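Student: One structure, as structure tokens, below. Some questions next.
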Amino acid sequence: MSGQIPGTFVCVNEKLVRIYLQDHHAGSTTGLELARRVHGNNKDNDYGEPLGKIVDEIAADRKSLESIMDDLGFGADPIKDLGAWSLEKVGRLKLNGQITGYSPLSRVVELEGLMTGITGKIGLWLALLELAPDEPRLDAARLERLRERGESQRTTVEELRERAAREAFAG
């Protein structure tokens, strides 16, 4: 932690860390549902295989977050999780330029949403890495692996989003 005097112990504000982790857990609810949706809409095309891997990794990341929360003695906030789940469902009502069916615009917007969620998750792992030296219940090596996996996910989704945008907006 910057400004810390060597050899001193910094107390972690557990209340704020708990709220932060619960917020990210709710966000992971939305992210996992979105990842499943975009994969389901694309499982029979060239996007399907990489998106299937992303879904599996996001589900594993959510389990890792739950494990970290357990290690810290925190539980999820069911009301926040339900709200996040509901918002993802409402987000499906967005107009996509077609009366029925899946639009190329839908793919672009969904992939952008995934990128946003993955970027937020990377921020979570980085924030926890900042706390790890002062919080023995946090495993810095595990958090670094999660951060690296998040970076890989973001790269994959960005490549898919760029391709989807070219396909959607080409004349």
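Chain labels follow the order of the structure tokens: the first chain is A, the next B, and so on; residue numbering restarts at 1 in every chain, and ligands are counted from 1 in their shown order.
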Could you pull the residues within 12 Å of Val108 in chain A, counting only C-alpha atoms, minus those fewer than 5 positions along the same chain, as a list in words?
Tutor: Val38, Asn42, Tyr47, Asn96, Tyr102, Ser103, Gly113, Leu114, Met115, Val157, Glu158, Glu159, Leu160, Arg161, Glu162, Arg163, Ala164, Ala165, Arg166, Glu167, Ala168 and Phe169 of chain A
Student: A:Glu49, A:Glu148, A:Glu66, A:Asp23: which is nearest Lys80 in chain A, counting only C-alpha atoms?
Tutor: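 Residue with the minimum atom-to-atom distance to Lys80 in chain A: A:Asp23.
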Student: Hey, can you check how far CA of Lys121 in chain A sits from CA of Gln22 in chain A?
Tutor: 12.5 Å
Student: Please provide as a PDB file with all heavy atoms, in the first residue's frame all residues within 12 Å of Gly150 in chain A, with the sequence filter that same-chain residues fewer than 2 positions apart are discarded (counting only C-alpha atoms).
Tutor:
```
ATOM      1  N   ILE A  54     -15.444 -19.283 -22.627  1.00  0.00           N
ATOM      2  CA  ILE A  54     -15.613 -18.092 -21.789  1.00  0.00           C
ATOM      3  C   ILE A  54     -16.678 -18.348 -20.710  1.00  0.00           C
ATOM      4  O   ILE A  54     -16.495 -17.993 -19.542  1.00  0.00           O
ATOM      5  CB  ILE A  54     -15.991 -16.862 -22.646  1.00  0.00           C
ATOM      6  CG1 ILE A  54     -14.844 -16.469 -23.579  1.00  0.00           C
ATOM      7  CG2 ILE A  54     -16.443 -15.687 -21.789  1.00  0.00           C
ATOM      8  CD1 ILE A  54     -13.627 -15.903 -22.922  1.00  0.00           C
ATOM      9  N   GLU A  57     -15.219 -20.466 -17.985  1.00  0.00           N
ATOM     10  CA  GLU A  57     -14.261 -19.724 -17.165  1.00  0.00           C
ATOM     11  C   GLU A  57     -14.964 -18.708 -16.259  1.00  0.00           C
ATOM     12  O   GLU A  57     -14.571 -18.538 -15.104  1.00  0.00           O
ATOM     13  CB  GLU A  57     -13.230 -19.028 -18.053  1.00  0.00           C
ATOM     14  CG  GLU A  57     -12.264 -19.998 -18.703  1.00  0.00           C
ATOM     15  CD  GLU A  57     -11.230 -19.318 -19.581  1.00  0.00           C
ATOM     16  OE1 GLU A  57     -11.294 -18.078 -19.760  1.00  0.00           O
ATOM     17  OE2 GLU A  57     -10.349 -20.035 -20.101  1.00  0.00           O
ATOM     18  N   ILE A  58     -15.990 -18.039 -16.788  1.00  0.00           N
ATOM     19  CA  ILE A  58     -16.725 -17.077 -15.953  1.00  0.00           C
ATOM     20  C   ILE A  58     -17.420 -17.799 -14.798  1.00  0.00           C
ATOM     21  O   ILE A  58     -17.435 -17.309 -13.672  1.00  0.00           O
ATOM     22  CB  ILE A  58     -17.710 -16.255 -16.812  1.00  0.00           C
ATOM     23  CG1 ILE A  58     -16.925 -15.281 -17.703  1.00  0.00           C
ATOM     24  CG2 ILE A  58     -18.713 -15.504 -15.938  1.00  0.00           C
ATOM     25  CD1 ILE A  58     -17.774 -14.532 -18.715  1.00  0.00           C
ATOM     26  N   ALA A  60     -16.334 -20.538 -13.405  1.00  0.00           N
ATOM     27  CA  ALA A  60     -15.263 -20.887 -12.470  1.00  0.00           C
ATOM     28  C   ALA A  60     -14.809 -19.655 -11.681  1.00  0.00           C
ATOM     29  O   ALA A  60     -14.527 -19.745 -10.476  1.00  0.00           O
ATOM     30  CB  ALA A  60     -14.085 -21.505 -13.223  1.00  0.00           C
ATOM     31  N   ASP A  61     -14.755 -18.499 -12.343  1.00  0.00           N
ATOM     32  CA  ASP A  61     -14.367 -17.268 -11.650  1.00  0.00           C
ATOM     33  C   ASP A  61     -15.384 -16.916 -10.570  1.00  0.00           C
ATOM     34  O   ASP A  61     -15.016 -16.452  -9.485  1.00  0.00           O
ATOM     35  CB  ASP A  61     -14.247 -16.106 -12.644  1.00  0.00           C
ATOM     36  CG  ASP A  61     -13.085 -16.270 -13.608  1.00  0.00           C
ATOM     37  OD1 ASP A  61     -12.187 -17.095 -13.348  1.00  0.00           O
ATOM     38  OD2 ASP A  61     -13.083 -15.561 -14.636  1.00  0.00           O
ATOM     39  N   ARG A  62     -16.652 -17.126 -10.871  1.00  0.00           N
ATOM     40  CA  ARG A  62     -17.704 -16.861  -9.878  1.00  0.00           C
ATOM     41  C   ARG A  62     -17.513 -17.774  -8.663  1.00  0.00           C
ATOM     42  O   ARG A  62     -17.628 -17.339  -7.514  1.00  0.00           O
ATOM     43  CB  ARG A  62     -19.075 -17.061 -10.516  1.00  0.00           C
ATOM     44  CG  ARG A  62     -20.239 -16.801  -9.576  1.00  0.00           C
ATOM     45  CD  ARG A  62     -21.564 -16.971 -10.339  1.00  0.00           C
ATOM     46  NE  ARG A  62     -22.701 -17.111  -9.483  1.00  0.00           N
ATOM     47  CZ  ARG A  62     -23.375 -16.098  -8.939  1.00  0.00           C
ATOM     48  NH1 ARG A  62     -23.017 -14.861  -9.186  1.00  0.00           N
ATOM     49  NH2 ARG A  62     -24.413 -16.330  -8.162  1.00  0.00           N
ATOM     50  N   LEU A 114     -20.172  -8.133 -22.255  1.00  0.00           N
ATOM     51  CA  LEU A 114     -19.241  -9.102 -21.661  1.00  0.00           C
ATOM     52  C   LEU A 114     -17.895  -8.450 -21.380  1.00  0.00           C
ATOM     53  O   LEU A 114     -17.292  -8.685 -20.321  1.00  0.00           O
ATOM     54  CB  LEU A 114     -19.041 -10.293 -22.603  1.00  0.00           C
ATOM     55  CG  LEU A 114     -19.931 -11.495 -22.403  1.00  0.00           C
ATOM     56  CD1 LEU A 114     -19.548 -12.609 -23.379  1.00  0.00           C
ATOM     57  CD2 LEU A 114     -19.894 -12.008 -20.993  1.00  0.00           C
ATOM     58  N   MET A 115     -17.412  -7.647 -22.332  1.00  0.00           N
ATOM     59  CA  MET A 115     -16.125  -6.965 -22.126  1.00  0.00           C
ATOM     60  C   MET A 115     -16.178  -6.066 -20.908  1.00  0.00           C
ATOM     61  O   MET A 115     -15.230  -6.012 -20.123  1.00  0.00           O
ATOM     62  CB  MET A 115     -15.749  -6.146 -23.364  1.00  0.00           C
ATOM     63  CG  MET A 115     -15.143  -6.976 -24.461  1.00  0.00           C
ATOM     64  SD  MET A 115     -14.638  -5.979 -25.874  1.00  0.00           S
ATOM     65  CE  MET A 115     -13.822  -4.619 -25.109  1.00  0.00           C
ATOM     66  N   THR A 116     -17.277  -5.360 -20.736  1.00  0.00           N
ATOM     67  CA  THR A 116     -17.428  -4.479 -19.581  1.00  0.00           C
ATOM     68  C   THR A 116     -17.365  -5.284 -18.283  1.00  0.00           C
ATOM     69  O   THR A 116     -16.671  -4.901 -17.334  1.00  0.00           O
ATOM     70  CB  THR A 116     -18.750  -3.698 -19.678  1.00  0.00           C
ATOM     71  OG1 THR A 116     -18.737  -2.908 -20.866  1.00  0.00           O
ATOM     72  CG2 THR A 116     -18.969  -2.813 -18.468  1.00  0.00           C
ATOM     73  N   GLY A 117     -18.097  -6.398 -18.244  1.00  0.00           N
ATOM     74  CA  GLY A 117     -18.084  -7.235 -17.053  1.00  0.00           C
ATOM     75  C   GLY A 117     -16.719  -7.826 -16.758  1.00  0.00           C
ATOM     76  O   GLY A 117     -16.268  -7.840 -15.600  1.00  0.00           O
ATOM     77  N   ILE A 118     -16.045  -8.293 -17.787  1.00  0.00           N
ATOM     78  CA  ILE A 118     -14.717  -8.891 -17.605  1.00  0.00           C
ATOM     79  C   ILE A 118     -13.726  -7.837 -17.125  1.00  0.00           C
ATOM     80  O   ILE A 118     -12.904  -8.094 -16.238  1.00  0.00           O
ATOM     81  CB  ILE A 118     -14.250  -9.577 -18.907  1.00  0.00           C
ATOM     82  CG1 ILE A 118     -15.106 -10.827 -19.165  1.00  0.00           C
ATOM     83  CG2 ILE A 118     -12.770  -9.921 -18.847  1.00  0.00           C
ATOM     84  CD1 ILE A 118     -14.951 -11.414 -20.563  1.00  0.00           C
ATOM     85  N   THR A 119     -13.823  -6.619 -17.679  1.00  0.00           N
ATOM     86  CA  THR A 119     -12.944  -5.540 -17.243  1.00  0.00           C
ATOM     87  C   THR A 119     -13.181  -5.211 -15.766  1.00  0.00           C
ATOM     88  O   THR A 119     -12.230  -5.009 -15.004  1.00  0.00           O
ATOM     89  CB  THR A 119     -13.145  -4.298 -18.129  1.00  0.00           C
ATOM     90  OG1 THR A 119     -12.814  -4.651 -19.485  1.00  0.00           O
ATOM     91  CG2 THR A 119     -12.278  -3.135 -17.673  1.00  0.00           C
ATOM     92  N   GLY A 120     -14.444  -5.197 -15.349  1.00  0.00           N
ATOM     93  CA  GLY A 120     -14.754  -4.983 -13.938  1.00  0.00           C
ATOM     94  C   GLY A 120     -14.194  -6.076 -13.057  1.00  0.00           C
ATOM     95  O   GLY A 120     -13.679  -5.815 -11.958  1.00  0.00           O
ATOM     96  N   LYS A 121     -14.274  -7.307 -13.536  1.00  0.00           N
ATOM     97  CA  LYS A 121     -13.754  -8.442 -12.766  1.00  0.00           C
ATOM     98  C   LYS A 121     -12.236  -8.344 -12.622  1.00  0.00           C
ATOM     99  O   LYS A 121     -11.696  -8.620 -11.547  1.00  0.00           O
ATOM    100  CB  LYS A 121     -14.160  -9.743 -13.463  1.00  0.00           C
ATOM    101  CG  LYS A 121     -13.624 -10.989 -12.825  1.00  0.00           C
ATOM    102  CD  LYS A 121     -14.139 -12.240 -13.515  1.00  0.00           C
ATOM    103  CE  LYS A 121     -13.743 -12.280 -14.965  1.00  0.00           C
ATOM    104  NZ  LYS A 121     -14.225 -13.489 -15.648  1.00  0.00           N
ATOM    105  N   ILE A 122     -11.554  -7.915 -13.674  1.00  0.00           N
ATOM    106  CA  ILE A 122     -10.105  -7.720 -13.583  1.00  0.00           C
ATOM    107  C   ILE A 122      -9.802  -6.675 -12.508  1.00  0.00           C
ATOM    108  O   ILE A 122      -8.876  -6.833 -11.703  1.00  0.00           O
ATOM    109  CB  ILE A 122      -9.518  -7.312 -14.952  1.00  0.00           C
ATOM    110  CG1 ILE A 122      -9.632  -8.481 -15.940  1.00  0.00           C
ATOM    111  CG2 ILE A 122      -8.062  -6.865 -14.812  1.00  0.00           C
ATOM    112  CD1 ILE A 122      -9.386  -8.092 -17.390  1.00  0.00           C
ATOM    113  N   GLY A 123     -10.608  -5.615 -12.482  1.00  0.00           N
ATOM    114  CA  GLY A 123     -10.440  -4.601 -11.438  1.00  0.00           C
ATOM    115  C   GLY A 123     -10.610  -5.179 -10.041  1.00  0.00           C
ATOM    116  O   GLY A 123      -9.885  -4.797  -9.103  1.00  0.00           O
ATOM    117  N   LEU A 124     -11.551  -6.104  -9.889  1.00  0.00           N
ATOM    118  CA  LEU A 124     -11.749  -6.776  -8.608  1.00  0.00           C
ATOM    119  C   LEU A 124     -10.487  -7.521  -8.190  1.00  0.00           C
ATOM    120  O   LEU A 124     -10.005  -7.374  -7.060  1.00  0.00           O
ATOM    121  CB  LEU A 124     -12.923  -7.756  -8.703  1.00  0.00           C
ATOM    122  CG  LEU A 124     -13.028  -8.823  -7.609  1.00  0.00           C
ATOM    123  CD1 LEU A 124     -13.365  -8.202  -6.268  1.00  0.00           C
ATOM    124  CD2 LEU A 124     -14.058  -9.870  -7.990  1.00  0.00           C
ATOM    125  N   TRP A 125      -9.956  -8.330  -9.114  1.00  0.00           N
ATOM    126  CA  TRP A 125      -8.763  -9.119  -8.767  1.00  0.00           C
ATOM    127  C   TRP A 125      -7.595  -8.189  -8.435  1.00  0.00           C
ATOM    128  O   TRP A 125      -6.829  -8.460  -7.497  1.00  0.00           O
ATOM    129  CB  TRP A 125      -8.389 -10.077  -9.894  1.00  0.00           C
ATOM    130  CG  TRP A 125      -9.457 -11.032 -10.329  1.00  0.00           C
ATOM    131  CD1 TRP A 125      -9.737 -11.389 -11.625  1.00  0.00           C
ATOM    132  CD2 TRP A 125     -10.384 -11.787  -9.527  1.00  0.00           C
ATOM    133  NE1 TRP A 125     -10.782 -12.290 -11.660  1.00  0.00           N
ATOM    134  CE2 TRP A 125     -11.197 -12.554 -10.398  1.00  0.00           C
ATOM    135  CE3 TRP A 125     -10.626 -11.871  -8.165  1.00  0.00           C
ATOM    136  CZ2 TRP A 125     -12.212 -13.401  -9.934  1.00  0.00           C
ATOM    137  CZ3 TRP A 125     -11.640 -12.709  -7.703  1.00  0.00           C
ATOM    138  CH2 TRP A 125     -12.410 -13.459  -8.582  1.00  0.00           C
ATOM    139  N   LEU A 126      -7.460  -7.074  -9.173  1.00  0.00           N
ATOM    140  CA  LEU A 126      -6.377  -6.124  -8.884  1.00  0.00           C
ATOM    141  C   LEU A 126      -6.562  -5.473  -7.514  1.00  0.00           C
ATOM    142  O   LEU A 126      -5.583  -5.295  -6.772  1.00  0.00           O
ATOM    143  CB  LEU A 126      -6.307  -5.057  -9.980  1.00  0.00           C
ATOM    144  CG  LEU A 126      -5.768  -5.536 -11.334  1.00  0.00           C
ATOM    145  CD1 LEU A 126      -5.976  -4.476 -12.407  1.00  0.00           C
ATOM    146  CD2 LEU A 126      -4.291  -5.914 -11.212  1.00  0.00           C
ATOM    147  N   LEU A 143      -4.998 -14.938  -6.827  1.00  0.00           N
ATOM    148  CA  LEU A 143      -5.564 -13.718  -7.397  1.00  0.00           C
ATOM    149  C   LEU A 143      -4.848 -13.325  -8.688  1.00  0.00           C
ATOM    150  O   LEU A 143      -5.482 -12.868  -9.636  1.00  0.00           O
ATOM    151  CB  LEU A 143      -5.495 -12.579  -6.376  1.00  0.00           C
ATOM    152  CG  LEU A 143      -6.398 -12.752  -5.157  1.00  0.00           C
ATOM    153  CD1 LEU A 143      -6.023 -11.759  -4.064  1.00  0.00           C
ATOM    154  CD2 LEU A 143      -7.859 -12.625  -5.551  1.00  0.00           C
ATOM    155  N   GLU A 144      -3.553 -13.516  -8.726  1.00  0.00           N
ATOM    156  CA  GLU A 144      -2.800 -13.205  -9.952  1.00  0.00           C
ATOM    157  C   GLU A 144      -3.215 -14.141 -11.091  1.00  0.00           C
ATOM    158  O   GLU A 144      -3.371 -13.705 -12.235  1.00  0.00           O
ATOM    159  CB  GLU A 144      -1.289 -13.301  -9.690  1.00  0.00           C
ATOM    160  CG  GLU A 144      -0.432 -12.962 -10.899  1.00  0.00           C
ATOM    161  CD  GLU A 144      -0.665 -11.571 -11.475  1.00  0.00           C
ATOM    162  OE1 GLU A 144      -1.044 -10.637 -10.738  1.00  0.00           O
ATOM    163  OE2 GLU A 144      -0.487 -11.412 -12.698  1.00  0.00           O
ATOM    164  N   ARG A 145      -3.431 -15.413 -10.797  1.00  0.00           N
ATOM    165  CA  ARG A 145      -3.908 -16.346 -11.834  1.00  0.00           C
ATOM    166  C   ARG A 145      -5.290 -15.926 -12.346  1.00  0.00           C
ATOM    167  O   ARG A 145      -5.564 -15.980 -13.546  1.00  0.00           O
ATOM    168  CB  ARG A 145      -3.949 -17.777 -11.294  1.00  0.00           C
ATOM    169  CG  ARG A 145      -2.587 -18.426 -11.136  1.00  0.00           C
ATOM    170  CD  ARG A 145      -2.680 -19.906 -10.812  1.00  0.00           C
ATOM    171  NE  ARG A 145      -3.462 -20.219  -9.630  1.00  0.00           N
ATOM    172  CZ  ARG A 145      -2.987 -20.225  -8.376  1.00  0.00           C
ATOM    173  NH1 ARG A 145      -1.728 -19.938  -8.141  1.00  0.00           N
ATOM    174  NH2 ARG A 145      -3.779 -20.538  -7.362  1.00  0.00           N
ATOM    175  N   LEU A 146      -6.150 -15.500 -11.427  1.00  0.00           N
ATOM    176  CA  LEU A 146      -7.488 -15.041 -11.826  1.00  0.00           C
ATOM    177  C   LEU A 146      -7.397 -13.780 -12.683  1.00  0.00           C
ATOM    178  O   LEU A 146      -8.110 -13.631 -13.676  1.00  0.00           O
ATOM    179  CB  LEU A 146      -8.354 -14.797 -10.588  1.00  0.00           C
ATOM    180  CG  LEU A 146      -8.784 -16.057  -9.837  1.00  0.00           C
ATOM    181  CD1 LEU A 146      -9.301 -15.710  -8.445  1.00  0.00           C
ATOM    182  CD2 LEU A 146      -9.815 -16.832 -10.633  1.00  0.00           C
ATOM    183  N   ARG A 147      -6.498 -12.870 -12.327  1.00  0.00           N
ATOM    184  CA  ARG A 147      -6.307 -11.660 -13.118  1.00  0.00           C
ATOM    185  C   ARG A 147      -5.823 -12.007 -14.523  1.00  0.00           C
ATOM    186  O   ARG A 147      -6.331 -11.488 -15.517  1.00  0.00           O
ATOM    187  CB  ARG A 147      -5.309 -10.711 -12.443  1.00  0.00           C
ATOM    188  CG  ARG A 147      -5.169  -9.363 -13.178  1.00  0.00           C
ATOM    189  CD  ARG A 147      -3.855  -8.679 -12.876  1.00  0.00           C
ATOM    190  NE  ARG A 147      -2.690  -9.441 -13.267  1.00  0.00           N
ATOM    191  CZ  ARG A 147      -2.229  -9.538 -14.515  1.00  0.00           C
ATOM    192  NH1 ARG A 147      -2.838  -8.955 -15.511  1.00  0.00           N
ATOM    193  NH2 ARG A 147      -1.146 -10.252 -14.767  1.00  0.00           N
ATOM    194  N   GLU A 148      -4.851 -12.913 -14.604  1.00  0.00           N
ATOM    195  CA  GLU A 148      -4.324 -13.318 -15.911  1.00  0.00           C
ATOM    196  C   GLU A 148      -5.412 -13.970 -16.762  1.00  0.00           C
ATOM    197  O   GLU A 148      -5.504 -13.718 -17.965  1.00  0.00           O
ATOM    198  CB  GLU A 148      -3.141 -14.274 -15.730  1.00  0.00           C
ATOM    199  CG  GLU A 148      -1.897 -13.592 -15.206  1.00  0.00           C
ATOM    200  CD  GLU A 148      -0.785 -14.554 -14.847  1.00  0.00           C
ATOM    201  OE1 GLU A 148      -0.958 -15.799 -15.002  1.00  0.00           O
ATOM    202  OE2 GLU A 148       0.273 -14.083 -14.383  1.00  0.00           O
ATOM    203  N   SER A 152      -6.944 -12.735 -20.418  1.00  0.00           N
ATOM    204  CA  SER A 152      -7.103 -13.620 -21.576  1.00  0.00           C
ATOM    205  C   SER A 152      -8.546 -13.602 -22.085  1.00  0.00           C
ATOM    206  O   SER A 152      -8.796 -13.553 -23.293  1.00  0.00           O
ATOM    207  CB  SER A 152      -6.680 -15.043 -21.192  1.00  0.00           C
ATOM    208  OG  SER A 152      -6.929 -15.937 -22.255  1.00  0.00           O
ATOM    209  N   GLN A 153      -9.499 -13.631 -21.156  1.00  0.00           N
ATOM    210  CA  GLN A 153     -10.916 -13.555 -21.540  1.00  0.00           C
ATOM    211  C   GLN A 153     -11.206 -12.248 -22.270  1.00  0.00           C
ATOM    212  O   GLN A 153     -11.893 -12.237 -23.297  1.00  0.00           O
ATOM    213  CB  GLN A 153     -11.815 -13.653 -20.309  1.00  0.00           C
ATOM    214  CG  GLN A 153     -11.815 -14.997 -19.643  1.00  0.00           C
ATOM    215  CD  GLN A 153     -12.458 -14.941 -18.264  1.00  0.00           C
ATOM    216  OE1 GLN A 153     -12.983 -13.918 -17.837  1.00  0.00           O
ATOM    217  NE2 GLN A 153     -12.396 -16.068 -17.550  1.00  0.00           N
ATOM    218  N   ARG A 154     -10.680 -11.152 -21.734  1.00  0.00           N
ATOM    219  CA  ARG A 154     -10.939  -9.851 -22.343  1.00  0.00           C
ATOM    220  C   ARG A 154     -10.371  -9.801 -23.760  1.00  0.00           C
ATOM    221  O   ARG A 154     -11.021  -9.290 -24.672  1.00  0.00           O
ATOM    222  CB  ARG A 154     -10.359  -8.723 -21.487  1.00  0.00           C
ATOM    223  CG  ARG A 154     -10.662  -7.349 -22.073  1.00  0.00           C
ATOM    224  CD  ARG A 154     -10.427  -6.213 -21.125  1.00  0.00           C
ATOM    225  NE  ARG A 154      -9.102  -6.210 -20.532  1.00  0.00           N
ATOM    226  CZ  ARG A 154      -8.723  -5.337 -19.603  1.00  0.00           C
ATOM    227  NH1 ARG A 154      -9.572  -4.421 -19.165  1.00  0.00           N
ATOM    228  NH2 ARG A 154      -7.518  -5.373 -19.095  1.00  0.00           N
ATOM    229  N   THR A 155      -9.185 -10.356 -23.958  1.00  0.00           N
ATOM    230  CA  THR A 155      -8.577 -10.390 -25.291  1.00  0.00           C
ATOM    231  C   THR A 155      -9.445 -11.192 -26.255  1.00  0.00           C
ATOM    232  O   THR A 155      -9.722 -10.750 -27.378  1.00  0.00           O
ATOM    233  CB  THR A 155      -7.157 -10.987 -25.214  1.00  0.00           C
ATOM    234  OG1 THR A 155      -6.351 -10.132 -24.391  1.00  0.00           O
ATOM    235  CG2 THR A 155      -6.534 -11.124 -26.593  1.00  0.00           C
ATOM    236  N   THR A 156      -9.901 -12.352 -25.832  1.00  0.00           N
ATOM    237  CA  THR A 156     -10.741 -13.201 -26.685  1.00  0.00           C
ATOM    238  C   THR A 156     -12.041 -12.497 -27.041  1.00  0.00           C
ATOM    239  O   THR A 156     -12.440 -12.458 -28.214  1.00  0.00           O
ATOM    240  CB  THR A 156     -11.052 -14.542 -25.978  1.00  0.00           C
ATOM    241  OG1 THR A 156      -9.822 -15.236 -25.752  1.00  0.00           O
ATOM    242  CG2 THR A 156     -11.992 -15.406 -26.802  1.00  0.00           C
ATOM    243  N   VAL A 157     -12.709 -11.928 -26.049  1.00  0.00           N
ATOM    244  CA  VAL A 157     -13.994 -11.273 -26.299  1.00  0.00           C
ATOM    245  C   VAL A 157     -13.803 -10.037 -27.168  1.00  0.00           C
ATOM    246  O   VAL A 157     -14.629  -9.753 -28.047  1.00  0.00           O
ATOM    247  CB  VAL A 157     -14.728 -10.963 -24.982  1.00  0.00           C
ATOM    248  CG1 VAL A 157     -15.982 -10.125 -25.223  1.00  0.00           C
ATOM    249  CG2 VAL A 157     -15.098 -12.265 -24.271  1.00  0.00           C
TER     250      VAL A 157
END
```
Student: Show me, as a ChimeraX atom specification, the residues that have an atom within 10 Å of Ala76 in chain A when counting only C-alpha atoms, minus same-chain residues fewer than 2 positions from it.
Tutor: /A:18-19,21-26,65-66,69-70,74,78-81
Student: As an exercise, work out the distance from CA of Leu82 in chain A to CA of Asp139 in chain A in Å and give it to one decimal place.
Tutor: 28.8 Å
Student: Within range 10-169 of chain A, find each residue whose DSSP state, derived from the backbone, is alpha helix (DSSP H), and express the selection as a PyMOL selection string.
Tutor: chain A and resi 14-42+48-72+78-91+104-131+140-169
Student: Select, from A:Val12, A:Leu51, A:Gly83, A:Thr30, the residue with the minimum atom-to-atom distance to Arg107 in chain A, counting only C-alpha atoms.
Tutor: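 With only C-alpha atoms as the atom set, the closest residue is A:Leu51.
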Student: Can you work out the spacing between CA of Leu34 in chain A and CA of Ile68 in chain A in Å, to one decimal?
Tutor: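 A separation of 22.8 Å between them.
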